[in-house]
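Trainee: Input file: coords_38.cif. Contents: mmCIF, C-alpha atoms, pLDDT in the B column; chains and numbers go by the auth columns.
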```cif
data_start
#
loop_
_atom_site.group_PDB
_atom_site.id
_atom_site.type_symbol
_atom_site.label_atom_id
_atom_site.label_comp_id
_atom_site.label_asym_id
_atom_site.label_seq_id
_atom_site.Cartn_x
_atom_site.Cartn_y
_atom_site.Cartn_z
_atom_site.B_iso_or_equiv
_atom_site.auth_seq_id
_atom_site.auth_asym_id
ATOM 1 C CA MET A 1 0.000 0.000 0.000 50.00 1 A
ATOM 2 C CA THR A 2 1.444 3.346 -1.034 55.00 2 A
ATOM 3 C CA THR A 3 0.949 6.566 0.893 58.00 3 A
ATOM 4 C CA LYS A 4 -0.334 9.646 -0.853 63.00 4 A
ATOM 5 C CA PRO A 5 2.534 12.148 -1.356 67.00 5 A
ATOM 6 C CA THR A 6 2.299 15.526 0.335 69.00 6 A
ATOM 7 C CA PRO A 7 1.477 18.173 -2.283 76.00 7 A
ATOM 8 C CA ALA A 8 4.114 20.822 -2.952 87.00 8 A
ATOM 9 C CA PRO A 9 3.332 23.933 -0.917 93.00 9 A
ATOM 10 C CA THR A 10 2.527 27.264 -2.524 96.00 10 A
ATOM 11 C CA VAL A 11 2.480 30.686 -0.855 98.00 11 A
ATOM 12 C CA ARG A 12 0.319 33.592 -2.004 98.00 12 A
ATOM 13 C CA LEU A 13 -1.666 36.546 -0.734 98.00 13 A
ATOM 14 C CA LEU A 14 -5.140 35.756 0.566 98.00 14 A
ATOM 15 C CA GLU A 15 -8.008 37.206 -1.425 97.00 15 A
ATOM 16 C CA THR A 16 -11.470 35.973 -0.468 97.00 16 A
ATOM 17 C CA VAL A 17 -13.589 36.107 2.668 98.00 17 A
ATOM 18 C CA PRO A 18 -13.512 32.287 3.066 97.00 18 A
ATOM 19 C CA GLU A 19 -9.713 32.397 2.879 98.00 19 A
ATOM 20 C CA PHE A 20 -9.522 35.053 5.569 98.00 20 A
ATOM 21 C CA GLU A 21 -11.926 33.018 7.697 97.00 21 A
ATOM 22 C CA ASP A 22 -9.773 29.934 7.207 98.00 22 A
ATOM 23 C CA ALA A 23 -6.714 31.985 8.189 98.00 23 A
ATOM 24 C CA VAL A 24 -8.260 32.842 11.551 96.00 24 A
ATOM 25 C CA GLN A 25 -9.024 29.174 12.132 96.00 25 A
ATOM 26 C CA VAL A 26 -5.475 28.113 11.251 97.00 26 A
ATOM 27 C CA LEU A 27 -4.096 30.648 13.732 96.00 27 A
ATOM 28 C CA CYS A 28 -6.463 29.382 16.434 93.00 28 A
ATOM 29 C CA GLU A 29 -5.215 25.850 15.825 94.00 29 A
ATOM 30 C CA ALA A 30 -1.590 26.988 15.837 93.00 30 A
ATOM 31 C CA PHE A 31 -2.049 28.852 19.121 89.00 31 A
ATOM 32 C CA ASN A 32 -4.222 26.101 20.638 87.00 32 A
ATOM 33 C CA THR A 33 -7.182 28.320 21.403 84.00 33 A
ATOM 34 C CA ASP A 34 -10.896 28.220 20.592 82.00 34 A
ATOM 35 C CA SER A 35 -11.201 32.006 20.387 81.00 35 A
ATOM 36 C CA PRO A 36 -9.359 34.473 18.149 82.00 36 A
ATOM 37 C CA HIS A 37 -10.033 37.275 20.666 79.00 37 A
ATOM 38 C CA ASP A 38 -6.341 37.823 21.501 77.00 38 A
ATOM 39 C CA LEU A 39 -5.107 36.819 18.033 88.00 39 A
ATOM 40 C CA ILE A 40 -6.789 38.545 15.087 92.00 40 A
ATOM 41 C CA ASN A 41 -10.204 38.360 13.437 94.00 41 A
ATOM 42 C CA THR A 42 -11.496 38.085 9.886 97.00 42 A
ATOM 43 C CA SER A 43 -12.563 41.721 9.479 97.00 43 A
ATOM 44 C CA VAL A 44 -9.147 42.992 10.565 97.00 44 A
ATOM 45 C CA LEU A 45 -7.420 40.684 8.083 98.00 45 A
ATOM 46 C CA ILE A 46 -9.667 41.975 5.310 98.00 46 A
ATOM 47 C CA ALA A 47 -8.995 45.585 6.325 98.00 47 A
ATOM 48 C CA LEU A 48 -5.241 45.005 6.399 98.00 48 A
ATOM 49 C CA SER A 49 -5.237 43.341 3.006 98.00 49 A
ATOM 50 C CA THR A 50 -7.451 46.007 1.440 97.00 50 A
ATOM 51 C CA SER A 51 -5.192 48.795 2.709 97.00 51 A
ATOM 52 C CA GLY A 52 -2.102 47.330 1.066 97.00 52 A
ATOM 53 C CA ASN A 53 -0.603 45.258 3.843 98.00 53 A
ATOM 54 C CA TYR A 54 0.655 41.678 3.847 98.00 54 A
ATOM 55 C CA VAL A 55 -1.781 38.823 4.551 98.00 55 A
ATOM 56 C CA ALA A 56 -0.509 35.583 3.045 98.00 56 A
ATOM 57 C CA GLY A 57 -1.042 31.866 3.343 98.00 57 A
ATOM 58 C CA ALA A 58 0.861 28.685 2.643 98.00 58 A
ATOM 59 C CA PHE A 59 -1.310 26.120 0.840 98.00 59 A
ATOM 60 C CA LEU A 60 -1.002 22.376 0.427 96.00 60 A
ATOM 61 C CA ALA A 61 -3.118 21.767 -2.652 92.00 61 A
ATOM 62 C CA ASP A 62 -6.310 23.685 -1.763 92.00 62 A
ATOM 63 C CA GLU A 63 -5.842 23.514 2.016 96.00 63 A
ATOM 64 C CA LEU A 64 -4.619 26.573 3.894 98.00 64 A
ATOM 65 C CA ALA A 65 -1.863 25.298 6.186 97.00 65 A
ATOM 66 C CA GLY A 66 -0.004 28.405 7.384 97.00 66 A
ATOM 67 C CA VAL A 67 -0.585 32.135 7.756 98.00 67 A
ATOM 68 C CA LEU A 68 1.595 35.230 8.064 98.00 68 A
ATOM 69 C CA VAL A 69 0.264 38.735 8.707 98.00 69 A
ATOM 70 C CA ALA A 70 2.327 41.930 8.537 98.00 70 A
ATOM 71 C CA TRP A 71 1.737 45.621 8.070 97.00 71 A
ATOM 72 C CA ARG A 72 3.689 48.613 6.892 96.00 72 A
ATOM 73 C CA GLY A 73 5.651 50.542 9.486 93.00 73 A
ATOM 74 C CA PRO A 74 7.805 53.660 9.142 90.00 74 A
ATOM 75 C CA ALA A 75 9.467 54.275 5.787 86.00 75 A
ATOM 76 C CA GLY A 76 11.246 51.188 4.524 91.00 76 A
ATOM 77 C CA ARG A 77 9.974 48.851 7.226 97.00 77 A
ATOM 78 C CA LEU A 78 7.429 46.049 7.553 98.00 78 A
ATOM 79 C CA HIS A 79 6.184 44.749 10.901 97.00 79 A
ATOM 80 C CA SER A 80 5.294 41.045 11.109 97.00 80 A
ATOM 81 C CA HIS A 81 2.547 40.718 13.690 96.00 81 A
ATOM 82 C CA ILE A 82 1.461 37.090 13.748 95.00 82 A
ATOM 83 C CA ALA A 83 2.299 33.818 12.049 96.00 83 A
ATOM 84 C CA GLY A 84 1.231 30.245 12.553 95.00 84 A
ATOM 85 C CA VAL A 85 1.207 26.830 10.912 96.00 85 A
ATOM 86 C CA HIS A 86 -1.518 24.285 11.565 96.00 86 A
ATOM 87 C CA PRO A 87 -0.155 21.628 13.966 93.00 87 A
ATOM 88 C CA LYS A 88 -0.733 18.784 11.503 94.00 88 A
ATOM 89 C CA HIS A 89 1.432 20.547 8.920 95.00 89 A
ATOM 90 C CA GLN A 90 4.340 21.665 11.081 90.00 90 A
ATOM 91 C CA SER A 91 7.895 20.493 10.316 87.00 91 A
ATOM 92 C CA LEU A 92 7.282 20.879 6.574 93.00 92 A
ATOM 93 C CA GLY A 93 9.223 24.136 6.262 94.00 93 A
ATOM 94 C CA LEU A 94 6.104 26.232 5.713 97.00 94 A
ATOM 95 C CA GLY A 95 7.220 28.940 8.124 96.00 95 A
ATOM 96 C CA TYR A 96 10.416 29.437 6.131 96.00 96 A
ATOM 97 C CA ARG A 97 8.499 29.551 2.852 97.00 97 A
ATOM 98 C CA LEU A 98 6.191 32.206 4.287 98.00 98 A
ATOM 99 C CA LYS A 99 9.124 34.350 5.438 97.00 99 A
ATOM 100 C CA MET A 100 10.803 34.081 2.021 96.00 100 A
ATOM 101 C CA HIS A 101 7.566 35.131 0.329 98.00 101 A
ATOM 102 C CA GLU A 102 7.204 38.009 2.783 98.00 102 A
ATOM 103 C CA ARG A 103 10.770 39.116 1.997 96.00 103 A
ATOM 104 C CA ARG A 104 10.120 39.106 -1.753 96.00 104 A
ATOM 105 C CA TRP A 105 6.871 41.028 -1.259 98.00 105 A
ATOM 106 C CA ALA A 106 8.609 43.654 0.889 97.00 106 A
ATOM 107 C CA ARG A 107 11.569 44.030 -1.461 96.00 107 A
ATOM 108 C CA THR A 108 9.331 44.731 -4.449 96.00 108 A
ATOM 109 C CA ARG A 109 7.853 47.572 -2.377 96.00 109 A
ATOM 110 C CA HIS A 110 11.290 49.025 -1.666 95.00 110 A
ATOM 111 C CA MET A 111 11.424 47.997 1.967 96.00 111 A
ATOM 112 C CA SER A 112 14.732 47.276 3.686 96.00 112 A
ATOM 113 C CA PHE A 113 13.805 45.785 7.066 97.00 113 A
ATOM 114 C CA VAL A 114 11.211 43.491 8.610 98.00 114 A
ATOM 115 C CA ASP A 115 10.772 43.467 12.377 97.00 115 A
ATOM 116 C CA TRP A 116 8.783 41.287 14.751 98.00 116 A
ATOM 117 C CA THR A 117 8.738 39.936 18.278 96.00 117 A
ATOM 118 C CA PHE A 118 8.998 36.426 19.672 96.00 118 A
ATOM 119 C CA ASP A 119 9.044 34.691 23.035 94.00 119 A
ATOM 120 C CA PRO A 120 12.693 34.244 24.143 95.00 120 A
ATOM 121 C CA LEU A 121 11.848 30.947 25.853 93.00 121 A
ATOM 122 C CA VAL A 122 10.826 29.233 22.607 93.00 122 A
ATOM 123 C CA ARG A 123 14.065 27.645 21.448 92.00 123 A
ATOM 124 C CA ARG A 124 12.919 26.583 17.984 91.00 124 A
ATOM 125 C CA ASN A 125 11.760 30.128 17.190 93.00 125 A
ATOM 126 C CA ALA A 126 15.046 31.599 18.429 95.00 126 A
ATOM 127 C CA TYR A 127 17.055 29.252 16.232 93.00 127 A
ATOM 128 C CA PHE A 128 14.782 29.941 13.247 94.00 128 A
ATOM 129 C CA ASN A 129 14.820 33.729 13.637 95.00 129 A
ATOM 130 C CA LEU A 130 18.447 34.299 14.613 94.00 130 A
ATOM 131 C CA GLY A 131 20.160 31.291 13.070 90.00 131 A
ATOM 132 C CA LYS A 132 18.259 30.447 9.918 91.00 132 A
ATOM 133 C CA LEU A 133 16.993 33.907 8.918 94.00 133 A
ATOM 134 C CA GLY A 134 19.814 35.941 10.431 93.00 134 A
ATOM 135 C CA ALA A 135 17.623 38.505 12.200 95.00 135 A
ATOM 136 C CA ARG A 136 19.317 40.588 14.910 94.00 136 A
ATOM 137 C CA VAL A 137 17.982 41.425 18.345 96.00 137 A
ATOM 138 C CA LEU A 138 17.093 45.071 18.963 96.00 138 A
ATOM 139 C CA GLY A 139 16.021 44.659 22.585 95.00 139 A
ATOM 140 C CA TYR A 140 14.324 42.679 25.334 96.00 140 A
ATOM 141 C CA ARG A 141 10.758 43.762 26.212 94.00 141 A
ATOM 142 C CA PRO A 142 9.406 42.413 29.550 90.00 142 A
ATOM 143 C CA ASN A 143 5.679 41.597 29.448 89.00 143 A
ATOM 144 C CA PHE A 144 5.434 43.442 26.145 81.00 144 A
ATOM 145 C CA TYR A 145 1.786 42.670 25.307 82.00 145 A
ATOM 146 C CA GLY A 146 0.504 42.391 28.862 84.00 146 A
ATOM 147 C CA ALA A 147 -1.792 39.488 29.693 63.00 147 A
ATOM 148 C CA LEU A 148 -2.957 37.388 26.743 57.00 148 A
ATOM 149 C CA GLU A 149 -5.485 34.557 26.733 60.00 149 A
ATOM 150 C CA ASP A 150 -4.576 33.172 23.334 52.00 150 A
ATOM 151 C CA GLY A 151 -3.849 29.591 24.275 51.00 151 A
ATOM 152 C CA LEU A 152 -0.063 29.544 24.095 57.00 152 A
ATOM 153 C CA ASN A 153 0.496 32.573 26.322 54.00 153 A
ATOM 154 C CA SER A 154 -2.358 32.152 28.783 55.00 154 A
ATOM 155 C CA GLY A 155 -1.258 32.698 32.372 60.00 155 A
ATOM 156 C CA ASP A 156 2.279 33.766 31.419 70.00 156 A
ATOM 157 C CA ASP A 157 4.080 37.086 31.110 83.00 157 A
ATOM 158 C CA THR A 158 4.571 38.071 27.482 85.00 158 A
ATOM 159 C CA ASP A 159 8.294 38.836 27.506 91.00 159 A
ATOM 160 C CA ARG A 160 9.520 39.333 23.955 94.00 160 A
ATOM 161 C CA LEU A 161 12.674 39.835 21.970 97.00 161 A
ATOM 162 C CA LEU A 162 12.289 42.510 19.300 97.00 162 A
ATOM 163 C CA VAL A 163 14.230 41.525 16.181 97.00 163 A
ATOM 164 C CA GLU A 164 15.079 43.147 12.877 96.00 164 A
ATOM 165 C CA TRP A 165 15.657 41.299 9.607 96.00 165 A
ATOM 166 C CA ASP A 166 17.766 43.092 7.010 95.00 166 A
ATOM 167 C CA ILE A 167 16.260 42.074 3.669 95.00 167 A
ATOM 168 C CA ARG A 168 18.389 44.259 1.407 92.00 168 A
ATOM 169 C CA PRO A 169 19.973 42.226 -1.405 86.00 169 A
ATOM 170 C CA GLU A 170 23.498 43.116 -0.275 79.00 170 A
ATOM 171 C CA HIS A 171 22.881 41.846 3.254 74.00 171 A
ATOM 172 C CA ALA A 172 25.120 38.912 4.133 66.00 172 A
ATOM 173 C CA ASP A 173 23.694 35.454 4.727 67.00 173 A
ATOM 174 C CA PRO A 174 23.347 34.340 8.362 70.00 174 A
ATOM 175 C CA ARG A 175 26.467 32.876 9.923 67.00 175 A
ATOM 176 C CA VAL A 176 26.742 29.203 10.806 67.00 176 A
ATOM 177 C CA ALA A 177 25.466 28.616 14.333 71.00 177 A
ATOM 178 C CA GLU A 178 28.132 27.683 16.866 81.00 178 A
ATOM 179 C CA HIS A 179 28.089 25.158 19.713 81.00 179 A
ATOM 180 C CA SER A 180 28.163 26.469 23.284 80.00 180 A
ATOM 181 C CA SER A 181 31.178 24.334 24.253 77.00 181 A
ATOM 182 C CA ASP A 182 33.224 25.979 21.492 78.00 182 A
ATOM 183 C CA LEU A 183 32.553 29.364 23.083 78.00 183 A
ATOM 184 C CA VAL A 184 32.789 28.898 26.857 78.00 184 A
ATOM 185 C CA GLY A 185 33.903 25.303 27.279 75.00 185 A
ATOM 186 C CA PRO A 186 31.709 22.441 28.528 71.00 186 A
ATOM 187 C CA LEU A 187 28.550 23.650 30.235 65.00 187 A
ATOM 188 C CA ALA A 188 28.117 22.786 33.890 58.00 188 A
ATOM 189 C CA LEU A 189 24.612 21.661 33.009 56.00 189 A
ATOM 190 C CA ASP A 190 23.689 18.766 30.793 56.00 190 A
ATOM 191 C CA PRO A 191 21.434 20.306 28.086 50.00 191 A
ATOM 192 C CA GLY A 192 19.096 17.358 28.509 53.00 192 A
ATOM 193 C CA SER A 193 18.467 18.271 32.138 57.00 193 A
ATOM 194 C CA TRP A 194 17.843 22.000 31.924 54.00 194 A
ATOM 195 C CA ASN A 195 14.278 21.639 33.220 52.00 195 A
ATOM 196 C CA PHE A 196 14.943 21.657 36.948 53.00 196 A
ATOM 197 C CA GLU A 197 14.155 23.308 40.244 55.00 197 A
ATOM 198 C CA PRO A 198 14.903 25.717 41.901 55.00 198 A
ATOM 199 C CA PRO A 199 15.181 28.612 39.424 57.00 199 A
ATOM 200 C CA PRO A 200 18.053 27.739 37.082 62.00 200 A
ATOM 201 C CA GLU A 201 21.107 29.938 36.746 73.00 201 A
ATOM 202 C CA VAL A 202 20.824 30.338 32.997 81.00 202 A
ATOM 203 C CA THR A 203 23.766 32.642 32.285 86.00 203 A
ATOM 204 C CA VAL A 204 27.177 31.130 31.575 86.00 204 A
ATOM 205 C CA ALA A 205 30.193 33.398 30.949 89.00 205 A
ATOM 206 C CA SER A 206 33.522 32.786 29.266 89.00 206 A
ATOM 207 C CA PRO A 207 36.575 33.073 31.557 89.00 207 A
ATOM 208 C CA ASP A 208 37.268 36.662 30.431 90.00 208 A
ATOM 209 C CA ASP A 209 33.543 37.556 30.407 91.00 209 A
ATOM 210 C CA SER A 210 33.716 38.614 26.762 93.00 210 A
ATOM 211 C CA ILE A 211 30.961 36.112 25.942 93.00 211 A
ATOM 212 C CA ARG A 212 27.813 35.240 27.840 94.00 212 A
ATOM 213 C CA LEU A 213 25.346 32.500 27.034 93.00 213 A
ATOM 214 C CA VAL A 214 21.721 32.642 28.126 93.00 214 A
ATOM 215 C CA LEU A 215 20.260 29.124 28.152 90.00 215 A
ATOM 216 C CA THR A 216 16.727 28.186 27.136 89.00 216 A
ATOM 217 C CA PRO A 217 14.484 25.342 28.318 86.00 217 A
ATOM 218 C CA TYR A 218 14.549 22.230 26.196 82.00 218 A
ATOM 219 C CA ASP A 219 10.807 22.042 25.491 83.00 219 A
ATOM 220 C CA ILE A 220 8.841 25.075 26.648 83.00 220 A
ATOM 221 C CA GLU A 221 5.655 23.863 24.938 81.00 221 A
ATOM 222 C CA ASN A 222 5.404 20.759 27.129 83.00 222 A
ATOM 223 C CA LEU A 223 6.553 22.653 30.212 80.00 223 A
ATOM 224 C CA ARG A 224 3.621 25.034 29.829 78.00 224 A
ATOM 225 C CA VAL A 225 1.243 22.090 30.052 79.00 225 A
ATOM 226 C CA GLU A 226 3.022 19.854 32.539 82.00 226 A
ATOM 227 C CA ARG A 227 4.975 22.250 34.782 81.00 227 A
ATOM 228 C CA PRO A 228 3.689 25.838 34.456 81.00 228 A
ATOM 229 C CA GLU A 229 5.438 26.787 37.705 80.00 229 A
ATOM 230 C CA LEU A 230 8.771 25.972 36.033 81.00 230 A
ATOM 231 C CA VAL A 231 7.899 28.283 33.143 84.00 231 A
ATOM 232 C CA VAL A 232 7.647 31.140 35.658 84.00 232 A
ATOM 233 C CA ARG A 233 11.116 30.285 37.016 86.00 233 A
ATOM 234 C CA TRP A 234 12.617 30.081 33.563 87.00 234 A
ATOM 235 C CA ARG A 235 10.960 33.350 32.596 89.00 235 A
ATOM 236 C CA GLU A 236 12.475 35.144 35.577 90.00 236 A
ATOM 237 C CA ALA A 237 15.919 33.643 35.010 89.00 237 A
ATOM 238 C CA VAL A 238 16.071 34.430 31.289 93.00 238 A
ATOM 239 C CA ARG A 239 14.789 37.956 31.917 93.00 239 A
ATOM 240 C CA LEU A 240 17.514 38.477 34.515 92.00 240 A
ATOM 241 C CA GLY A 241 20.185 37.005 32.239 93.00 241 A
ATOM 242 C CA PHE A 242 19.296 39.279 29.355 95.00 242 A
ATOM 243 C CA GLY A 243 18.812 42.316 31.556 94.00 243 A
ATOM 244 C CA SER A 244 22.192 42.057 33.274 93.00 244 A
ATOM 245 C CA ALA A 245 24.048 41.342 30.026 95.00 245 A
ATOM 246 C CA LEU A 246 22.394 44.115 28.009 95.00 246 A
ATOM 247 C CA ASP A 247 22.916 46.596 30.865 95.00 247 A
ATOM 248 C CA ALA A 248 26.610 45.648 30.850 95.00 248 A
ATOM 249 C CA GLY A 249 26.899 46.489 27.169 96.00 249 A
ATOM 250 C CA PHE A 250 26.578 43.036 25.596 96.00 250 A
ATOM 251 C CA THR A 251 24.720 42.560 22.341 95.00 251 A
ATOM 252 C CA VAL A 252 23.031 39.402 21.045 95.00 252 A
ATOM 253 C CA ASP A 253 25.181 37.815 18.353 93.00 253 A
ATOM 254 C CA GLY A 254 23.233 34.668 17.545 92.00 254 A
ATOM 255 C CA PHE A 255 21.854 31.413 18.881 94.00 255 A
ATOM 256 C CA THR A 256 23.853 28.223 19.366 92.00 256 A
ATOM 257 C CA VAL A 257 22.894 24.866 17.938 89.00 257 A
ATOM 258 C CA ASP A 258 22.331 23.499 21.448 86.00 258 A
ATOM 259 C CA GLY A 259 19.911 26.162 22.631 89.00 259 A
ATOM 260 C CA CYS A 260 21.763 29.211 24.019 91.00 260 A
ATOM 261 C CA TYR A 261 21.604 32.888 23.143 95.00 261 A
ATOM 262 C CA LEU A 262 25.095 34.128 22.334 94.00 262 A
ATOM 263 C CA LEU A 263 25.916 37.592 23.662 95.00 263 A
ATOM 264 C CA ARG A 264 29.230 39.369 23.101 94.00 264 A
ATOM 265 C CA ARG A 265 30.838 42.594 24.187 89.00 265 A
ATOM 266 C CA PRO A 266 31.135 44.935 21.180 80.00 266 A
#
```
Could you render the structure from this file as C-alpha cells?
Mentor:
Amino acid sequence: MTTKPTPAPTVRLLETVPEFEDAVQVLCEAFNTDSPHDLINTSVLIALSTSGNYVAGAFLADELAGVLVAWRGPAGRLHSHIAGVHPKHQSLGLGYRLKMHERRWARTRHMSFVDWTFDPLVRRNAYFNLGKLGARVLGYRPNFYGALEDGLNSGDDTDRLLVEWDIRPEHADPRVAEHSSDLVGPLALDPGSWNFEPPPEVTVASPDDSIRLVLTPYDIENLRVERPELVVRWREAVRLGFGSALDAGFTVDGFTVDGCYLLRRP
C-alpha cells in the first residue's frame, strides 16, 4: 500500500472572505485556542489586506496550512505581527516559505527591514529567527503585550525579543550557528536536564567575560502544560540574564545549535 505524497506547498496573498476566515481558524489551531479574541479576526485581516498590507497563506493543494500577517511601518519597514502553521502541517518548512515570500513582497515595495517579536523561551523560534533567517535582536521587552489569553500565552508574562531582519539584497547570509562548548567550554549543566528546580542559573560566561550565554528550556511547549510553575522560574531567570548582560553592554550575536543565546561585548 502506497501513501499519498504531500502536495508541494505554494504561498500567495489571501483574497477571499472564506480564505480570511480559514486563516483565523489556522491561527487558532496553531495557538491552541478556541477564540481568536487575543489573536486577530477576519474583518481585521480583510482591512489590512485592502489597505495594502501583507496577509498571506501557505497552501497544500487547496488547504490553507499556514498564515503570516504583517503591516507597513515607518518608511522602509514592515512589521510582522502574527504567524502560525496548523499543527498537523508543522515540520514541513512552511514557516520558512512564508518568510521568504514576505521578503520578496517587501523588497518589491522598496522595503529594507522586517521586524517582529517572539518569546525568548521558545528555542525553535530563536534558532529559526536568529540562526536560519539571520535577524538581529534590537532589545528585550518584559511583558510586552501584557496578559494574553490566546492559548499559548495564557497565564504567562509576554516577555519578547524585538528583532530586525535586514532584507536588502546586499545583506550577508546568516552565519553558521556555533556550539556552546566551542565558546565557553563544557557547560556545567547537561542540556538534557535544563528543566529543573529551583530557578536555574541560565547565564554562563567565558573566563574573560567577553561572551555570555543565556540558556533556554529544552521544550517550553510541554513545560507550559506539565509544569507551568517551572515556566515562571525560567521566565524570571532568562529575563535576569538578558537584563544584566544588556545593561553591561553586551549585544546578542546569535543562537547556538544546542539552545543558548550568544551575547558578546562589542
Trainee: In terms of the shortest atom-to-atom distance over only C-alpha atoms, which of A:Pro36, A:Gly73, A:Gly254, A:Gly93 is closest to His179 (chain A)?
Mentor: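 Of A:Pro36, A:Gly73, A:Gly254, A:Gly93, the one nearest His179 (chain A), counting only C-alpha atoms, is A:Gly254.
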Trainee: What gap, in Å, lies between CA of Leu183 (chain A) and CA of Ile211 (chain A)?
Mentor: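 Value for the CA of Leu183 (chain A)-CA of Ile211 (chain A) distance: 7.5 Å.
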Trainee: Specify as a PyMOL selection string each residue included when the PyMOL selection byres ((chain A and resi 213) around 10) is applied to this file.
Mentor: chain A and resi 180+183-184+187+202-206+211-212+214-216+241-242+245+252+254-256+259-264
Trainee: I want to know what sits within 9 Å of region 124-138 of chain A, based on all atoms listed in the file, with residues of the same chain fewer than 6 positions away left out; could you give that as a PyMOL selection string?
Mentor: chain A and resi 96+99+114-115+118+161-166+172-177+251-257+259+261
Trainee: Between CA of Arg109 (chain A) and CA of Arg168 (chain A), what is the distance in Å, rounded to a tenth?
Mentor: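 Pair CA of Arg109 (chain A) / CA of Arg168 (chain A) returns 11.7 Å.
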Trainee: Check which residues satisfy the PyMOL selection byres ((chain A and resi 29) around 12) in the file shown, then give them as a ChimeraX atom specification.
Mentor: /A:22-28,30-36,39,64-67,83-90,150-152
Trainee: What does the distance from CA of Arg103 (chain A) to CA of Ile167 (chain A) come to in Å, to one decimal?
Mentor: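 Interatomic distance here is 6.5 Å.
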Trainee: Can you tell me, as a list in words, what residues are no more than 7 Å from Arg77 (chain A) when counting only C-alpha atoms, ignoring any on the same chain fewer than 5 positions away?
Mentor: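 Selected residues are Arg72, Met111, Ser112, Phe113 and Val114 of chain A.
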Trainee: For Asn143 (chain A), which of A:Ala58, A:Ala248, A:Asp119, A:Gly95 is the closest residue, counting all atoms listed in the file?
Mentor: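 Among A:Ala58, A:Ala248, A:Asp119, A:Gly95, it is A:Asp119 that comes nearest to Asn143 (chain A).
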Trainee: Starting from the displayed file, determine the output of the PyMOL selection byres ((chain A and resi 231) around 10) and express the residue list as a list of chain:residue names.
Mentor: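 Here the PyMOL selection byres ((chain A and resi 231) around 10) matches A:Leu121, A:Asp156, A:Asp157, A:Asn195, A:Pro199, A:Pro217, A:Ile220, A:Glu221, A:Asn222, A:Leu223, A:Arg224, A:Val225, A:Glu226, A:Arg227, A:Pro228, A:Glu229, A:Leu230, A:Val232, A:Arg233, A:Trp234, A:Arg235, A:Glu236, A:Ala237.
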Trainee: Kindly indicate which residue among A:Pro120, A:Val55, A:Asp209, A:Val238 lies nearest to Ile40 (chain A), using all atoms listed in the file for the distances.
Mentor: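 That would be A:Val55, the residue with the smallest distance to Ile40 (chain A).
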Trainee: Under the rule that only C-alpha atoms are counted, which of A:Arg160, A:His171, A:His101, A:Arg107 is the nearest residue to Val11 (chain A)?
Mentor: A:His101
Trainee: What lies within 10 Å of Glu21 (chain A) using all atoms listed in the file, ignoring chain neighbours under 6 positions off, as an MDAnalysis selection string?
Mentor: chainID A and resid 41:43 45:46
Trainee: Within 7 Å of (-0.1, 32.8, -0.1) in the file's own coordinates, which protein, DNA or RNA residues have an atom, counting only C-alpha atoms? List them as an mmCIF file with C-alpha atoms, keeping the file's coordinate frame.
Mentor:
```
data_model
loop_
_atom_site.group_PDB
_atom_site.id
_atom_site.type_symbol
_atom_site.label_atom_id
_atom_site.label_comp_id
_atom_site.auth_asym_id
_atom_site.auth_seq_id
_atom_site.Cartn_x
_atom_site.Cartn_y
_atom_site.Cartn_z
ATOM 1 C CA THR A 10 2.527 27.264 -2.524
ATOM 2 C CA VAL A 11 2.480 30.686 -0.855
ATOM 3 C CA ARG A 12 0.319 33.592 -2.004
ATOM 4 C CA LEU A 13 -1.666 36.546 -0.734
ATOM 5 C CA LEU A 14 -5.140 35.756 0.566
ATOM 6 C CA ALA A 56 -0.509 35.583 3.045
ATOM 7 C CA GLY A 57 -1.042 31.866 3.343
ATOM 8 C CA ALA A 58 0.861 28.685 2.643
ATOM 9 C CA PHE A 59 -1.310 26.120 0.840
#
```
Trainee: Using all atoms listed in the file, which of the listed residues (A:Ser80, A:Thr16, A:Ser244, A:Thr117) sits closest to Thr50 (chain A)?
Mentor: A:Thr16
Trainee: Determine the nearest neighbour of Thr158 (chain A) from the options A:Phe144, A:Gly185, A:Met100, A:Asp219, counting only C-alpha atoms.
Mentor: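 Looking only at the distances to Thr158 (chain A), the closest residue turns out to be A:Phe144.
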